[in-house]
Amino acid sequence: MSSLGIETAPMPAPVIGPGPSTYINFLDEVRVGAYAHNWIHDEGSPVDVSGEILTSPIGYPNNIGGYWFSWFFDPRINIGAMINTGGKTSYGFTGLTWRIPIYKGFFFEGEFGGAVNTSPLRDEGDRVNTGCRWDFRESGGFGYQFNEHWDLIANIEHISHASFCTHINPGLTQVGARVGYKF
């Protein structure tokens, strides 16, 4: 009964729908690789090693756009490093990774994000002056997924600041391969 003396029916309990159907696994895949260091502007130290971790997909699990376009709405977060074995320019990076299925186990993969590098910001004889510590990072490659855990990717990646910092912008370009293990 209310304070006005009018009898009221009890309020029904609110209907709560199911929670999110997915969650982000922050350690979904680990990758290691070897690369030819900056093959366009040689620093005299030919080998880089890379390490990268990826999350599970962060997008929409309901296949928006159909089979051929759902990859765009389902990227993964990456974080990693490209370490030069000769003490030359190395960098750490983070960004998003998109995998586009091609046929059976074959796929194309693209990454875009940011990086911070260790290049000198002045001219040195055996080093590349990238002109800026902070860069954009793009990576693309073709791979094959052997089973639910293992894949191999041949790729090329590039970092540069797109002339936002200075007119000096040689960037760094690495070519190589990496192996991924998905948990």
# chains A, B, ... in the order shown; residues from 1 in each chain; ligands from 1
call {"tool": "residues_around", "arguments": {"residues": "Gly80 of chain A", "least_positions_apart": "4", "cutoff": "10 Å", "atoms": "only C-alpha atoms", "output": "JSON, numbers by chain"}}
result
{"A": [30, 31, 32, 50, 51, 52, 53, 54, 91, 92, 93, 94, 95, 115]}
call {"tool": "closest_atom_pairs", "arguments": {"of": "segment 75-119 of chain A", "to": "segment 155-162 of chain A", "cutoff": "10 Å", "atoms": "only C-alpha atoms", "output": "JSON lines"}}
result
{"residue": "A:Tyr91", "atom": "CA", "partner": "A:Ile159", "partner_atom": "CA", "distance": 9.0}
{"residue": "A:Phe93", "atom": "CA", "partner": "A:Ile159", "partner_atom": "CA", "distance": 9.5}
{"residue": "A:Phe108", "atom": "CA", "partner": "A:Asn155", "partner_atom": "CA", "distance": 9.5}
{"residue": "A:Glu109", "atom": "CA", "partner": "A:Asn155", "partner_atom": "CA", "distance": 8.6}
{"residue": "A:Gly110", "atom": "CA", "partner": "A:Asn155", "partner_atom": "CA", "distance": 9.2}
{"residue": "A:Glu111", "atom": "CA", "partner": "A:Glu157", "partner_atom": "CA", "distance": 8.7}
{"residue": "A:Phe112", "atom": "CA", "partner": "A:Glu157", "partner_atom": "CA", "distance": 9.7}
{"residue": "A:Gly113", "atom": "CA", "partner": "A:Ile159", "partner_atom": "CA", "distance": 9.5}
{"residue": "A:Gly114", "atom": "CA", "partner": "A:Ile159", "partner_atom": "CA", "distance": 8.2}
{"residue": "A:Ala115", "atom": "CA", "partner": "A:Ile159", "partner_atom": "CA", "distance": 7.2}
{"residue": "A:Val116", "atom": "CA", "partner": "A:Ile159", "partner_atom": "CA", "distance": 9.1}
{"residue": "A:Asn117", "atom": "CA", "partner": "A:Ile159", "partner_atom": "CA", "distance": 8.9}
call {"tool": "write_last_selection", "arguments": {"atoms": "all heavy atoms", "output": "mmCIF file, in the first residue's frame"}}
result
data_model
loop_
_atom_site.group_PDB
_atom_site.id
_atom_site.type_symbol
_atom_site.label_atom_id
_atom_site.label_comp_id
_atom_site.auth_asym_id
_atom_site.auth_seq_id
_atom_site.Cartn_x
_atom_site.Cartn_y
_atom_site.Cartn_z
ATOM 1 N N TYR A 91 63.470 -0.865 -31.907
ATOM 2 C CA TYR A 91 62.254 -0.146 -31.560
ATOM 3 C C TYR A 91 61.238 -1.048 -30.885
ATOM 4 O O TYR A 91 61.248 -2.261 -31.059
ATOM 5 C CB TYR A 91 61.621 0.549 -32.776
ATOM 6 C CG TYR A 91 61.287 -0.338 -33.945
ATOM 7 C CD1 TYR A 91 60.041 -0.943 -34.057
ATOM 8 C CD2 TYR A 91 62.211 -0.544 -34.960
ATOM 9 C CE1 TYR A 91 59.725 -1.731 -35.142
ATOM 10 C CE2 TYR A 91 61.906 -1.331 -36.054
ATOM 11 C CZ TYR A 91 60.663 -1.924 -36.140
ATOM 12 O OH TYR A 91 60.367 -2.707 -37.220
ATOM 13 N N PHE A 93 56.929 -1.372 -30.193
ATOM 14 C CA PHE A 93 55.734 -0.967 -30.922
ATOM 15 C C PHE A 93 54.461 -1.504 -30.281
ATOM 16 O O PHE A 93 54.482 -2.431 -29.487
ATOM 17 C CB PHE A 93 55.801 -1.433 -32.386
ATOM 18 C CG PHE A 93 55.924 -2.925 -32.551
ATOM 19 C CD1 PHE A 93 54.799 -3.738 -32.583
ATOM 20 C CD2 PHE A 93 57.173 -3.517 -32.700
ATOM 21 C CE1 PHE A 93 54.913 -5.106 -32.748
ATOM 22 C CE2 PHE A 93 57.299 -4.887 -32.867
ATOM 23 C CZ PHE A 93 56.164 -5.680 -32.890
ATOM 24 N N PHE A 108 46.453 -13.245 -45.290
ATOM 25 C CA PHE A 108 47.227 -12.001 -45.327
ATOM 26 C C PHE A 108 47.032 -11.341 -43.980
ATOM 27 O O PHE A 108 45.945 -11.385 -43.409
ATOM 28 C CB PHE A 108 46.742 -11.059 -46.429
ATOM 29 C CG PHE A 108 47.411 -9.714 -46.366
ATOM 30 C CD1 PHE A 108 48.694 -9.544 -46.860
ATOM 31 C CD2 PHE A 108 46.779 -8.641 -45.764
ATOM 32 C CE1 PHE A 108 49.328 -8.311 -46.777
ATOM 33 C CE2 PHE A 108 47.404 -7.401 -45.677
ATOM 34 C CZ PHE A 108 48.680 -7.248 -46.192
ATOM 35 N N GLU A 109 48.081 -10.715 -43.482
ATOM 36 C CA GLU A 109 47.968 -10.023 -42.201
ATOM 37 C C GLU A 109 48.564 -8.635 -42.320
ATOM 38 O O GLU A 109 49.634 -8.457 -42.902
ATOM 39 C CB GLU A 109 48.687 -10.827 -41.121
ATOM 40 C CG GLU A 109 48.330 -10.358 -39.737
ATOM 41 C CD GLU A 109 48.777 -11.360 -38.697
ATOM 42 O OE1 GLU A 109 49.922 -11.247 -38.258
ATOM 43 O OE2 GLU A 109 47.969 -12.235 -38.350
ATOM 44 N N GLY A 110 47.853 -7.649 -41.784
ATOM 45 C CA GLY A 110 48.326 -6.278 -41.774
ATOM 46 C C GLY A 110 48.295 -5.721 -40.360
ATOM 47 O O GLY A 110 47.435 -6.088 -39.558
ATOM 48 N N GLU A 111 49.258 -4.854 -40.071
ATOM 49 C CA GLU A 111 49.333 -4.218 -38.753
ATOM 50 C C GLU A 111 49.544 -2.725 -38.937
ATOM 51 O O GLU A 111 50.225 -2.289 -39.863
ATOM 52 C CB GLU A 111 50.495 -4.788 -37.931
ATOM 53 C CG GLU A 111 50.358 -6.255 -37.629
ATOM 54 C CD GLU A 111 51.510 -6.807 -36.787
ATOM 55 O OE1 GLU A 111 52.576 -6.178 -36.695
ATOM 56 O OE2 GLU A 111 51.315 -7.878 -36.206
ATOM 57 N N PHE A 112 48.968 -1.938 -38.041
ATOM 58 C CA PHE A 112 49.185 -0.499 -38.042
ATOM 59 C C PHE A 112 49.194 -0.017 -36.601
ATOM 60 O O PHE A 112 48.383 -0.449 -35.790
ATOM 61 C CB PHE A 112 48.085 0.240 -38.816
ATOM 62 C CG PHE A 112 48.322 1.714 -38.866
ATOM 63 C CD1 PHE A 112 49.287 2.244 -39.713
ATOM 64 C CD2 PHE A 112 47.621 2.569 -38.045
ATOM 65 C CE1 PHE A 112 49.533 3.607 -39.744
ATOM 66 C CE2 PHE A 112 47.854 3.936 -38.066
ATOM 67 C CZ PHE A 112 48.812 4.453 -38.924
ATOM 68 N N GLY A 113 50.132 0.882 -36.298
ATOM 69 C CA GLY A 113 50.207 1.429 -34.950
ATOM 70 C C GLY A 113 51.346 2.414 -34.813
ATOM 71 O O GLY A 113 51.730 3.084 -35.768
ATOM 72 N N GLY A 114 51.910 2.462 -33.614
ATOM 73 C CA GLY A 114 52.986 3.382 -33.313
ATOM 74 C C GLY A 114 54.207 2.651 -32.799
ATOM 75 O O GLY A 114 54.136 1.503 -32.375
ATOM 76 N N ALA A 115 55.355 3.359 -32.857
ATOM 77 C CA ALA A 115 56.616 2.786 -32.396
ATOM 78 C C ALA A 115 57.482 3.882 -31.800
ATOM 79 O O ALA A 115 57.311 5.061 -32.099
ATOM 80 C CB ALA A 115 57.357 2.118 -33.554
ATOM 81 N N VAL A 116 58.400 3.487 -30.952
ATOM 82 C CA VAL A 116 59.415 4.395 -30.427
ATOM 83 C C VAL A 116 60.767 3.729 -30.679
ATOM 84 O O VAL A 116 60.937 2.541 -30.426
ATOM 85 C CB VAL A 116 59.183 4.726 -28.922
ATOM 86 C CG1 VAL A 116 59.193 3.489 -28.055
ATOM 87 C CG2 VAL A 116 60.149 5.769 -28.433
ATOM 88 N N ASN A 117 61.733 4.497 -31.251
ATOM 89 C CA ASN A 117 62.997 3.905 -31.675
ATOM 90 C C ASN A 117 64.200 4.463 -30.925
ATOM 91 O O ASN A 117 64.098 5.454 -30.213
ATOM 92 C CB ASN A 117 63.180 4.080 -33.187
ATOM 93 C CG ASN A 117 63.462 5.506 -33.570
ATOM 94 O OD1 ASN A 117 64.487 6.070 -33.219
ATOM 95 N ND2 ASN A 117 62.541 6.123 -34.308
#
call {"tool": "atom_distance", "arguments": {"atom1": "atom CA of Phe72 of chain A", "atom2": "atom CA of Ala177 of chain A"}}
result
23.4 Å
call {"tool": "closest_residue", "arguments": {"among": "A:Leu27, A:Val47, A:Ala81, A:Leu96", "to": "Glu138 of chain A", "atoms": "only C-alpha atoms"}}
result
A:Leu96
